[in-house]
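*Asks:* This is input-v3.txt (compact mmCIF, C-alpha atoms).
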```
# COMPACT_ATOMS: atom_id res chain seq x y z
CA MET A 1 61.82 15.06 43.32
CA PHE A 2 60.88 16.95 40.19
CA ALA A 3 58.52 19.86 39.63
CA LEU A 4 56.75 21.16 36.56
CA LEU A 5 55.91 24.86 36.63
CA ASP A 6 53.31 25.86 34.06
CA CYS A 7 51.95 29.36 33.41
CA ASN A 8 48.14 29.40 33.60
CA ASN A 9 46.48 30.22 30.26
CA PHE A 10 49.76 31.92 29.40
CA TYR A 11 48.88 34.07 26.37
CA VAL A 12 45.65 35.24 28.01
CA SER A 13 47.51 35.98 31.28
CA CYS A 14 50.02 38.14 29.37
CA GLU A 15 47.17 40.18 27.88
CA ARG A 16 45.61 40.61 31.33
CA VAL A 17 48.77 41.96 33.01
CA PHE A 18 48.27 45.42 31.50
CA ARG A 19 44.47 45.05 31.25
CA PRO A 20 43.20 44.11 34.74
CA ASP A 21 39.69 44.93 33.54
CA LEU A 22 39.85 41.60 31.67
CA ASN A 23 40.15 39.56 34.86
CA ASN A 24 37.22 37.14 35.34
CA LYS A 25 36.01 37.86 31.79
CA PRO A 26 36.10 35.46 28.82
CA VAL A 27 39.22 36.12 26.70
CA VAL A 28 40.73 34.28 23.72
CA VAL A 29 43.90 34.76 21.71
CA LEU A 30 43.92 34.08 17.96
CA SER A 31 46.57 32.62 15.66
CA ASN A 32 48.34 34.34 12.76
CA ASN A 33 45.83 36.12 10.52
CA ASP A 34 43.30 35.83 13.36
CA GLY A 35 42.27 32.45 11.98
CA CYS A 36 41.63 30.25 15.01
CA VAL A 37 41.75 30.18 18.82
CA ILE A 38 45.15 29.24 20.31
CA ALA A 39 44.56 30.27 23.95
CA ARG A 40 41.47 30.60 26.16
CA SER A 41 40.70 31.88 29.61
CA ASN A 42 38.79 29.56 31.94
CA GLU A 43 35.70 31.69 31.37
CA ALA A 44 36.00 31.19 27.58
CA LYS A 45 36.46 27.45 28.05
CA SER A 46 33.23 27.30 30.08
CA LEU A 47 31.36 28.85 27.14
CA GLY A 48 32.31 25.83 25.02
CA ILE A 49 34.97 27.49 22.86
CA PRO A 50 37.43 24.68 21.98
CA MET A 51 41.13 24.99 21.32
CA GLY A 52 41.71 25.55 17.59
CA ALA A 53 38.18 26.87 17.05
CA PRO A 54 37.98 28.64 13.64
CA MET A 55 37.09 32.27 14.24
CA PHE A 56 34.56 32.41 11.40
CA GLU A 57 32.59 29.53 12.95
CA TYR A 58 32.58 30.88 16.52
CA ARG A 59 32.34 34.63 15.84
CA LYS A 60 28.62 34.69 16.64
CA LEU A 61 29.15 32.93 20.00
CA ILE A 62 32.09 35.21 20.81
CA GLU A 63 30.12 38.36 20.07
CA GLN A 64 27.01 37.03 21.84
CA HIS A 65 28.91 36.55 25.11
CA ASN A 66 31.13 39.65 24.74
CA VAL A 67 34.29 37.55 24.60
CA GLU A 68 37.38 39.74 24.31
CA TYR A 69 39.69 38.47 21.58
CA PHE A 70 43.24 39.44 20.65
CA SER A 71 45.67 38.77 17.83
CA ALA A 72 48.70 36.79 18.97
CA ASN A 73 51.33 39.20 20.34
CA PHE A 74 54.36 36.91 20.31
CA ALA A 75 56.83 39.68 21.10
CA LEU A 76 54.99 40.33 24.37
CA TYR A 77 54.58 36.62 25.21
CA GLY A 78 58.23 35.86 24.50
CA ASP A 79 59.39 38.67 26.78
CA PHE A 80 57.14 37.51 29.64
CA SER A 81 58.41 33.96 29.15
CA ARG A 82 62.02 35.13 29.54
CA ARG A 83 61.10 37.03 32.70
CA VAL A 84 59.35 34.02 34.26
CA MET A 85 62.19 31.64 33.38
CA SER A 86 64.82 34.02 34.78
CA ILE A 87 62.99 34.09 38.13
CA VAL A 88 62.84 30.28 38.20
CA ALA A 89 66.59 30.19 37.47
CA GLN A 90 67.23 32.50 40.45
CA PHE A 91 65.37 30.09 42.75
CA CYS A 92 66.55 26.77 41.28
CA SER A 93 69.90 25.58 39.95
CA ASP A 94 68.76 22.65 37.76
CA ILE A 95 65.99 23.54 35.29
CA GLU A 96 64.84 22.49 31.83
CA VAL A 97 62.81 25.03 29.86
CA TYR A 98 60.31 22.70 28.21
CA SER A 99 58.23 25.24 26.27
CA ILE A 100 57.41 28.94 26.24
CA ASP A 101 55.29 28.53 29.39
CA GLU A 102 56.61 25.33 31.04
CA VAL A 103 59.80 24.53 32.95
CA PHE A 104 60.93 21.37 34.75
CA ILE A 105 62.87 21.65 38.02
CA ASP A 106 65.11 18.97 39.52
CA PHE A 107 65.29 19.25 43.32
CA SER A 108 67.87 16.46 43.81
CA GLN A 109 70.79 18.92 44.17
CA GLN A 110 68.71 21.80 45.53
CA PHE A 111 68.94 22.94 49.13
CA ILE A 112 65.42 23.67 50.37
CA ASN A 113 64.93 25.53 53.63
CA GLY A 114 61.57 24.14 54.73
CA SER A 115 59.08 21.98 52.85
CA LEU A 116 58.89 21.66 49.08
CA ASN A 117 55.30 22.87 49.17
CA ASP A 118 56.31 26.08 50.98
CA PHE A 119 59.19 26.58 48.52
CA ALA A 120 56.83 26.16 45.56
CA GLN A 121 54.31 28.59 47.05
CA GLU A 122 57.06 31.17 47.57
CA LEU A 123 58.25 30.72 43.98
CA ARG A 124 54.71 31.02 42.69
CA SER A 125 53.97 34.20 44.68
CA THR A 126 57.26 35.78 43.57
CA ILE A 127 56.50 35.17 39.88
CA LEU A 128 53.00 36.59 40.35
CA GLN A 129 54.31 39.68 42.16
CA TRP A 130 57.20 40.40 39.78
CA THR A 131 55.47 39.60 36.46
CA GLY A 132 51.72 39.37 37.09
CA ILE A 133 51.65 35.86 35.57
CA PRO A 134 49.84 33.16 37.61
CA VAL A 135 51.46 29.72 37.57
CA SER A 136 50.70 26.21 38.80
CA ILE A 137 53.31 23.78 40.11
CA GLY A 138 53.19 19.99 40.28
CA ILE A 139 55.76 18.09 42.34
CA ALA A 140 56.46 14.33 42.15
CA PRO A 141 59.26 11.74 42.11
CA THR A 142 59.34 11.67 38.26
CA LYS A 143 58.81 14.08 35.38
CA ALA A 144 55.76 12.20 34.09
CA LEU A 145 54.11 12.25 37.53
CA ALA A 146 55.04 15.94 37.94
CA LYS A 147 53.07 16.60 34.74
CA ILE A 148 50.01 14.89 36.26
CA ALA A 149 50.48 16.71 39.58
CA ASN A 150 50.55 19.99 37.65
CA GLN A 151 47.26 19.14 35.93
CA ILE A 152 45.69 18.44 39.33
CA ALA A 153 47.01 21.75 40.70
CA LYS A 154 45.39 23.60 37.77
CA LYS A 155 42.15 21.62 37.83
CA PHE A 156 41.46 22.09 41.56
CA PRO A 157 42.97 25.50 42.47
CA GLU A 158 40.74 26.03 45.53
CA ARG A 159 41.94 22.81 47.15
CA THR A 160 45.57 22.91 45.99
CA GLN A 161 46.29 26.65 45.94
CA HIS A 162 47.89 25.93 42.55
CA VAL A 163 50.55 23.63 44.07
CA TYR A 164 50.12 19.86 44.34
CA MET A 165 52.64 17.22 45.41
CA ILE A 166 52.51 13.47 44.80
CA ASP A 167 54.74 12.24 47.60
CA ASP A 168 53.36 8.79 48.45
CA ASP A 169 51.88 5.74 46.74
CA GLU A 170 48.33 6.52 47.79
CA LYS A 171 48.43 9.91 46.05
CA ARG A 172 50.19 8.42 43.02
CA ILE A 173 47.57 5.69 42.48
CA LYS A 174 44.71 8.13 43.05
CA ALA A 175 46.19 10.54 40.50
CA LEU A 176 46.73 7.76 37.94
CA LYS A 177 43.13 6.60 38.31
CA TRP A 178 41.98 10.19 37.80
CA ILE A 179 44.00 11.02 34.67
CA ALA A 180 42.57 9.92 31.31
CA ILE A 181 45.04 7.95 29.19
CA GLU A 182 44.93 10.52 26.37
CA ASP A 183 46.03 13.20 28.86
CA VAL A 184 49.13 11.29 30.01
CA TRP A 185 52.36 12.93 28.89
CA GLY A 186 53.81 10.95 25.97
CA ILE A 187 50.55 9.26 24.91
CA GLY A 188 49.50 10.65 21.54
CA ARG A 189 46.18 10.26 19.75
CA ARG A 190 47.27 7.12 17.91
CA TYR A 191 48.36 5.33 21.07
CA ALA A 192 45.30 6.59 22.95
CA ARG A 193 42.95 5.03 20.37
CA LYS A 194 44.90 1.79 20.45
CA LEU A 195 44.85 1.64 24.25
CA ASN A 196 41.16 2.57 24.49
CA ALA A 197 40.40 -0.36 22.18
CA LEU A 198 42.08 -2.58 24.79
CA ASN A 199 39.92 -1.06 27.55
CA ILE A 200 42.83 1.03 28.85
CA HIS A 201 41.24 4.36 29.83
CA THR A 202 43.39 5.78 32.65
CA GLY A 203 47.02 6.18 33.59
CA TYR A 204 46.55 3.47 36.21
CA ASP A 205 45.20 1.03 33.60
CA PHE A 206 48.34 1.65 31.58
CA THR A 207 50.63 0.73 34.48
CA GLN A 208 48.89 -2.66 34.70
CA LEU A 209 49.97 -3.66 31.20
CA SER A 210 52.87 -6.09 30.92
CA ASP A 211 56.35 -4.79 30.16
CA SER A 212 56.63 -7.11 27.16
CA TRP A 213 53.42 -5.80 25.53
CA ILE A 214 54.43 -2.17 26.06
CA HIS A 215 57.94 -2.74 24.72
CA LYS A 216 56.60 -4.57 21.65
CA ASN A 217 53.86 -2.06 20.83
CA MET A 218 55.25 1.23 22.19
CA THR A 219 59.03 0.67 22.10
CA ILE A 220 61.44 1.51 24.90
CA GLN A 221 59.87 4.98 25.25
CA GLY A 222 56.57 3.43 26.32
CA LEU A 223 58.39 1.23 28.83
CA ARG A 224 60.14 4.26 30.31
CA LEU A 225 56.80 6.01 30.63
CA LYS A 226 55.38 3.07 32.57
CA LYS A 227 58.34 3.16 34.96
CA GLU A 228 57.89 6.91 35.39
CA LEU A 229 54.21 6.47 36.26
CA GLN A 230 55.22 3.79 38.77
CA GLY A 231 57.44 6.36 40.49
CA ILE A 232 60.77 5.15 39.05
CA SER A 233 62.65 8.09 37.51
CA CYS A 234 63.90 7.37 33.98
CA LEU A 235 63.82 10.83 32.40
CA LYS A 236 66.40 13.34 33.57
CA LEU A 237 66.49 17.04 32.75
CA GLU A 238 67.55 17.62 29.18
CA GLU A 239 70.24 20.14 28.40
CA VAL A 240 69.49 22.79 25.78
CA SER A 241 70.61 21.31 22.47
CA ASP A 242 70.77 22.54 18.91
CA LYS A 243 67.65 22.03 16.80
CA LYS A 244 67.62 19.04 14.46
CA ASN A 245 65.19 20.77 12.09
CA ILE A 246 64.61 24.48 11.58
CA SER A 247 61.35 25.67 10.07
CA VAL A 248 59.87 29.03 9.16
CA SER A 249 56.31 29.21 7.86
CA ARG A 250 53.48 31.70 7.80
CA SER A 251 49.87 32.06 6.72
CA PHE A 252 49.46 35.02 4.41
CA GLU A 253 47.21 38.02 4.95
CA LYS A 254 45.58 37.23 1.61
CA GLU A 255 45.98 34.40 -0.88
CA LEU A 256 48.93 34.66 -3.24
CA THR A 257 48.39 33.64 -6.87
CA THR A 258 51.68 34.34 -8.69
CA LEU A 259 55.02 32.54 -8.68
CA ALA A 260 56.84 35.85 -8.18
CA ASP A 261 54.95 36.66 -4.95
CA ILE A 262 55.35 33.17 -3.51
CA SER A 263 59.06 33.02 -4.43
CA GLU A 264 59.58 36.37 -2.68
CA ARG A 265 58.02 35.04 0.54
CA ILE A 266 59.94 31.77 0.36
CA SER A 267 63.15 33.76 -0.08
CA ALA A 268 62.32 35.72 3.08
CA PHE A 269 61.59 32.49 4.99
CA ALA A 270 64.84 30.96 3.72
CA ALA A 271 66.83 33.96 4.93
CA LYS A 272 65.23 33.77 8.38
CA ALA A 273 65.82 30.02 8.66
CA SER A 274 69.45 30.47 7.56
CA GLU A 275 69.93 33.11 10.24
CA LYS A 276 68.65 30.67 12.89
CA LEU A 277 71.00 28.04 11.49
CA ARG A 278 74.03 30.32 11.79
CA LYS A 279 73.00 31.39 15.27
CA GLN A 280 73.45 27.83 16.55
CA GLN A 281 76.67 27.49 14.49
CA SER A 282 75.29 24.78 12.22
CA VAL A 283 74.93 23.95 8.55
CA CYS A 284 72.29 21.95 6.68
CA SER A 285 72.49 19.62 3.70
CA SER A 286 68.83 19.46 2.65
CA LEU A 287 65.62 21.46 2.73
CA MET A 288 61.92 21.03 2.15
CA VAL A 289 59.56 23.70 0.86
CA PHE A 290 55.76 23.36 1.14
CA ILE A 291 52.71 25.34 0.05
CA HIS A 292 49.01 24.85 0.60
CA SER A 293 45.68 26.50 -0.10
CA ASN A 294 43.08 27.73 2.36
CA PHE A 295 41.79 24.48 3.89
CA TYR A 296 38.76 26.27 5.36
CA LYS A 297 37.23 26.94 1.93
CA LYS A 298 34.46 24.39 1.74
CA ASN A 299 33.75 24.60 -2.00
CA GLU A 300 37.35 24.13 -3.16
CA ALA A 301 39.49 21.00 -3.14
CA PRO A 302 42.49 21.42 -0.81
CA PHE A 303 45.83 21.94 -2.56
CA TYR A 304 49.07 20.82 -0.92
CA ARG A 305 52.50 20.34 -2.46
CA GLN A 306 56.01 19.89 -1.09
CA SER A 307 59.46 19.61 -2.62
CA TYR A 308 62.58 18.11 -1.03
CA ILE A 309 66.05 19.11 -2.23
CA ASN A 310 69.47 17.79 -1.27
CA LEU A 311 72.06 20.57 -1.31
CA PRO A 312 75.35 19.92 -3.11
CA VAL A 313 77.35 21.16 -0.09
CA GLN A 314 76.43 21.73 3.54
CA THR A 315 75.78 25.43 4.05
CA ALA A 316 74.26 28.13 6.27
CA SER A 317 74.38 30.80 3.55
CA SER A 318 71.13 32.70 3.00
CA ILE A 319 72.15 33.10 -0.64
CA GLU A 320 72.53 29.38 -1.28
CA ILE A 321 69.53 28.26 0.75
CA SER A 322 67.30 30.91 -0.84
CA LYS A 323 68.46 29.88 -4.33
CA TYR A 324 67.53 26.24 -3.82
CA ALA A 325 64.29 27.10 -2.00
CA LYS A 326 63.13 29.10 -5.01
CA MET A 327 64.09 26.19 -7.27
CA ALA A 328 61.89 23.96 -5.10
CA ILE A 329 58.93 26.32 -5.46
CA LYS A 330 59.20 26.25 -9.24
CA ASN A 331 58.91 22.45 -9.07
CA ILE A 332 55.56 22.45 -7.24
CA TYR A 333 53.65 25.65 -8.06
CA PHE A 334 51.61 26.49 -11.13
CA GLU A 335 50.48 30.03 -11.89
CA GLY A 336 47.04 31.06 -10.66
CA GLN A 337 46.67 28.51 -7.84
CA PRO A 338 45.71 30.46 -4.66
CA ILE A 339 48.17 29.79 -1.83
CA LYS A 340 47.34 30.67 1.78
CA LYS A 341 50.41 29.29 3.58
CA ALA A 342 53.99 28.42 2.72
CA GLY A 343 57.10 27.42 4.59
CA ILE A 344 60.61 26.02 4.54
CA ILE A 345 62.19 23.31 6.72
CA LEU A 346 65.96 22.90 6.92
CA THR A 347 66.98 19.31 7.68
CA ASN A 348 70.09 17.14 8.07
CA ILE A 349 71.65 19.75 10.33
CA ALA A 350 75.21 19.34 11.61
CA PRO A 351 77.79 21.52 13.43
CA ASN A 352 79.67 23.88 11.12
CA LYS A 353 83.03 22.62 12.43
CA TYR A 354 82.99 19.65 10.08
CA ILE A 355 81.68 20.30 6.59
CA ASN A 356 81.56 17.44 4.09
CA LEU A 357 82.67 18.52 0.63
CA ASN A 358 82.29 16.67 -2.66
CA LEU A 359 84.34 16.37 -5.83
CA PHE A 360 82.34 18.90 -7.83
CA GLU A 361 81.46 21.63 -5.28
CA ALA A 362 83.75 23.76 -3.14
CA TYR A 363 82.91 25.37 0.18
CA LYS A 364 82.29 29.06 -0.48
CA GLU A 365 84.38 30.74 2.21
CA ASN A 366 83.59 34.22 0.86
CA GLN A 367 79.86 33.62 1.48
CA HIS A 368 80.63 32.39 4.99
CA GLN A 369 82.44 35.66 5.76
CA LEU A 370 79.68 37.67 4.07
CA MET A 371 77.01 36.05 6.26
CA LYS A 372 79.03 36.83 9.40
CA THR A 373 79.28 40.47 8.33
CA ILE A 374 75.55 40.71 7.55
CA ASP A 375 74.62 39.15 10.92
CA THR A 376 76.90 41.61 12.74
CA ILE A 377 75.41 44.63 10.94
CA ASN A 378 71.82 43.50 11.48
CA GLN A 379 72.47 42.80 15.15
CA GLN A 380 73.94 46.27 15.64
CA TYR A 381 71.64 48.38 13.47
CA GLY A 382 68.41 46.39 13.40
CA GLU A 383 66.90 43.43 11.60
CA HIS A 384 66.92 43.62 7.77
CA THR A 385 69.33 46.56 7.64
CA VAL A 386 71.10 44.33 5.12
CA HIS A 387 69.01 41.70 3.34
CA LEU A 388 68.79 39.69 0.13
CA ALA A 389 67.52 41.66 -2.84
CA SER A 390 65.14 38.79 -3.61
CA HIS A 391 62.82 39.58 -0.73
CA GLU A 392 61.11 42.74 0.45
CA PRO A 393 61.66 43.40 4.19
CA SER A 394 58.61 45.70 4.41
CA LEU A 395 56.45 42.58 3.91
CA LYS A 396 58.08 40.83 6.87
CA TRP A 397 55.60 38.32 8.29
CA LYS A 398 52.70 40.56 7.33
CA THR A 399 49.53 39.11 8.81
CA LEU A 400 46.10 40.48 9.60
CA GLN A 401 46.46 40.93 13.38
CA GLN A 402 43.49 43.27 13.49
CA ARG A 403 43.25 42.93 17.29
CA LEU A 404 46.93 43.22 18.22
CA SER A 405 47.53 44.59 21.72
CA PRO A 406 50.43 46.98 22.42
CA ARG A 407 53.89 45.45 22.86
CA TYR A 408 54.16 47.00 26.30
CA THR A 409 57.59 45.63 27.21
CA THR A 410 59.41 45.45 23.86
CA GLN A 411 58.39 48.55 21.87
CA TRP A 412 59.31 52.06 23.05
CA SER A 413 56.19 53.59 21.50
CA ASP A 414 53.95 51.11 23.37
CA ILE A 415 55.36 51.59 26.87
CA LEU A 416 52.73 52.69 29.36
CA LYS A 417 52.78 56.35 30.25
CA VAL A 418 52.10 57.24 33.89
CA LYS A 419 50.57 60.66 34.43
```
Take the structure in the file and give it back as structure tokens.
*Replies:*
Amino acid sequence: MFALLDCNNFYVSCERVFRPDLNNKPVVVLSNNDGCVIARSNEAKSLGIPMGAPMFEYRKLIEQHNVEYFSANFALYGDFSRRVMSIVAQFCSDIEVYSIDEVFIDFSQQFINGSLNDFAQELRSTILQWTGIPVSIGIAPTKALAKIANQIAKKFPERTQHVYMIDDDEKRIKALKWIAIEDVWGIGRRYARKLNALNIHTGYDFTQLSDSWIHKNMTIQGLRLKKELQGISCLKLEEVSDKKNISVSRSFEKELTTLADISERISAFAAKASEKLRKQQSVCSSLMVFIHSNFYKKNEAPFYRQSYINLPVQTASSIEISKYAKMAIKNIYFEGQPIKKAGIILTNIAPNKYINLNLFEAYKENQHQLMKTIDTINQQYGEHTVHLASHEPSLKWKTLQQRLSPRYTTQWSDILKVK
């Protein structure tokens, strides 16, 4: 049996831990620069505020119903995520952290004293008591069915007490007939439209399709999904692996209109991406830089450009990656064009144990040692103690965040004072 543990309205729940006065009130959390809604309480959902709602379009509704809104406090959310996952790891030996607020559990090698439902309720109550974060748990014979069981646990909390188990065929078929095809794990928008056109509207409808059609139109992944929904486990827990692509991007507090300003930000993003690359002991051989305008401006044509560069030698050096990132920007930007967001993506990533050289470029060992020294200093004395001269650390990820809550658990100045 597998379980999926999912934190309920995670970002909102984190804000409520230190603000119990927000319980049972509509609350939303906004993205970088307070642009759009990325998390909603159940009360906010009932008001008709959709995920991704642009703040400027829904401000009137939010103010009319006294909806509390916060800027995204990722330092706080990340810390709460680590706390929740560490509790799960104490209870369970085999886990897969799927996202910041989701974790899969494999019970096949787990000794359970009592029923799985009682175990899940104990885990849930412990997380709530130790962190203040409410969670829902779905249990089933496969990961895909555990996802559906979790959705049922969240949808009907009064009946399920936030824990639901699919442990027989009757429950499995009932759940599959309840779940819309677009809500099935692994079915994206494109497949959902295609399946709806064939009168496939539920998870159960999907399981009635022939193996040959699914394999032809949805590859082996679609066939595995069908088996999973039929109760045949095909997807095991995945071990934590190195990232295949590393990206760093941000929306700016205000539009940038000069090459110098945009190059400075891209240099900062390149340094951050390089640091992530070195942390997983990898190198990259190519990168992509992109820029775009403010897509919400109705009277201006959207502007989007990207540039892809192959590096002469695999590297994790901030110096080299920043140099080529700035070259990429020069290829795609013209002076005066307002830019609202930019980013860099490092691709073709490989372990740093085996570096492919070419006839005309040598591996720069001195830069490799320099990066190690910089990482050691910054880890000991604080981020950006040593940094590239091409970027200004005081501008680090500067965003609007006009409604940022205190970082209660990660910033000394924000720790609650008890009198």
*Asks:* Which polymer residues have any atom within 6 Å of an atom of A:Ala316, counting only C-alpha atoms, with same-chain residues fewer than 4 positions away left out, as a PDB file with C-alpha atoms, in the frame of the given file?
*Replies:*
```pdb
ATOM      1  CA  SER A 274      69.450  30.470   7.560  1.00  0.00           C
ATOM      2  CA  ARG A 278      74.030  30.320  11.790  1.00  0.00           C
ATOM      3  CA  VAL A 283      74.930  23.950   8.550  1.00  0.00           C
TER       4      VAL A 283
END
```
*Asks:* Hey, which of A:Gly186, A:Pro54, A:Gly132, A:Gly48 ends up closest to A:Val12? Count all atoms listed in the file.
*Replies:* A:Gly132
*Asks:* Nearest to A:Phe70 among A:Ile100, A:Ala268, A:Met85, A:Val37, with distances taken over all atoms listed in the file: which residue is it?
*Replies:*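 Checking each candidate against A:Phe70, we get A:Val37 as the closest.
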*Asks:* Quote the spacing between atom CA of A:Lys417 and atom CA of A:Ser86 in Å to one decimal place.
*Replies:*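 Interatomic distance, atom CA of A:Lys417 to atom CA of A:Ser86: 25.8 Å.
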*Asks:* Need to verify the contact set: A:His162, 10 Å, all atoms listed in the file, exclusion of same-chain residues closer than 2 positions in sequence. Can you return it as a list in words?
*Replies:*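 Result of the neighbour search: Asn8, Ala120, Gln121, Arg124, Pro134, Val135, Ser136, Ile137, Gly138, Asn150, Gln151, Ile152, Ala153, Lys154, Lys155, Phe156, Pro157, Glu158, Arg159, Thr160 and Tyr164 of chain A.
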*Asks:* Determine, counting only C-alpha atoms, every residue of protein, DNA or RNA that lies within 10 Å of (55.0, 15.4, 32.8) in the file coordinates, then give the result as a list in words.
*Replies:* Phe2, Ala3, Leu4, Phe104, Gly138, Ile139, Ala140, Thr142, Lys143, Ala144, Leu145, Ala146, Lys147, Ile148, Ala149, Asn150, Gln151, Val184, Trp185, Gly186, Leu225, Glu228, Leu229 and Leu235 of chain A
*Asks:* May I have the protein, DNA and RNA residues with any atom at most 6 Å from the point (43.1, 41.6, 19.3), counting only C-alpha atoms, written as JSON, numbers by chain?
*Replies:* {"A": [69, 70, 71, 403, 404, 405]}
*Asks:* Would you please work out which residue, of A:Asp183, A:Asp21, A:Glu57, A:Glu275, is nearest to A:Thr315 when using only C-alpha atoms?
*Replies:*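 The answer is A:Glu275, which sits nearest to A:Thr315.
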*Asks:* Counting all atoms listed in the file, which residue out of A:Ile220, A:Thr126, A:Pro26, A:Asn299 sits closest to A:Leu61?
*Replies:* A:Pro26
*Asks:* For each of A:Gln367, A:Thr202, A:Pro406, A:Pro141, take the minimum atom-to-atom distance to A:Ile232, counting only C-alpha atoms, then give the residue where this is smallest.
*Replies:*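 With only C-alpha atoms as the atom set, the closest residue is A:Pro141.
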*Asks:* Residues of stretch 308-335 of chain A that approach stretch 369-373 of chain A to 9 Å or less, counting only C-alpha atoms: could you list each one with the shortest pair of atoms and its distance in Å to one decimal, rows by chain and increasing residue number, as JSON lines?
*Replies:*
```
{"residue": "A:Ala316", "atom": "CA", "partner": "A:Met371", "partner_atom": "CA", "distance": 8.4}
{"residue": "A:Ser317", "atom": "CA", "partner": "A:Met371", "partner_atom": "CA", "distance": 6.5}
{"residue": "A:Ser318", "atom": "CA", "partner": "A:Met371", "partner_atom": "CA", "distance": 7.5}
{"residue": "A:Ile319", "atom": "CA", "partner": "A:Met371", "partner_atom": "CA", "distance": 8.9}
```
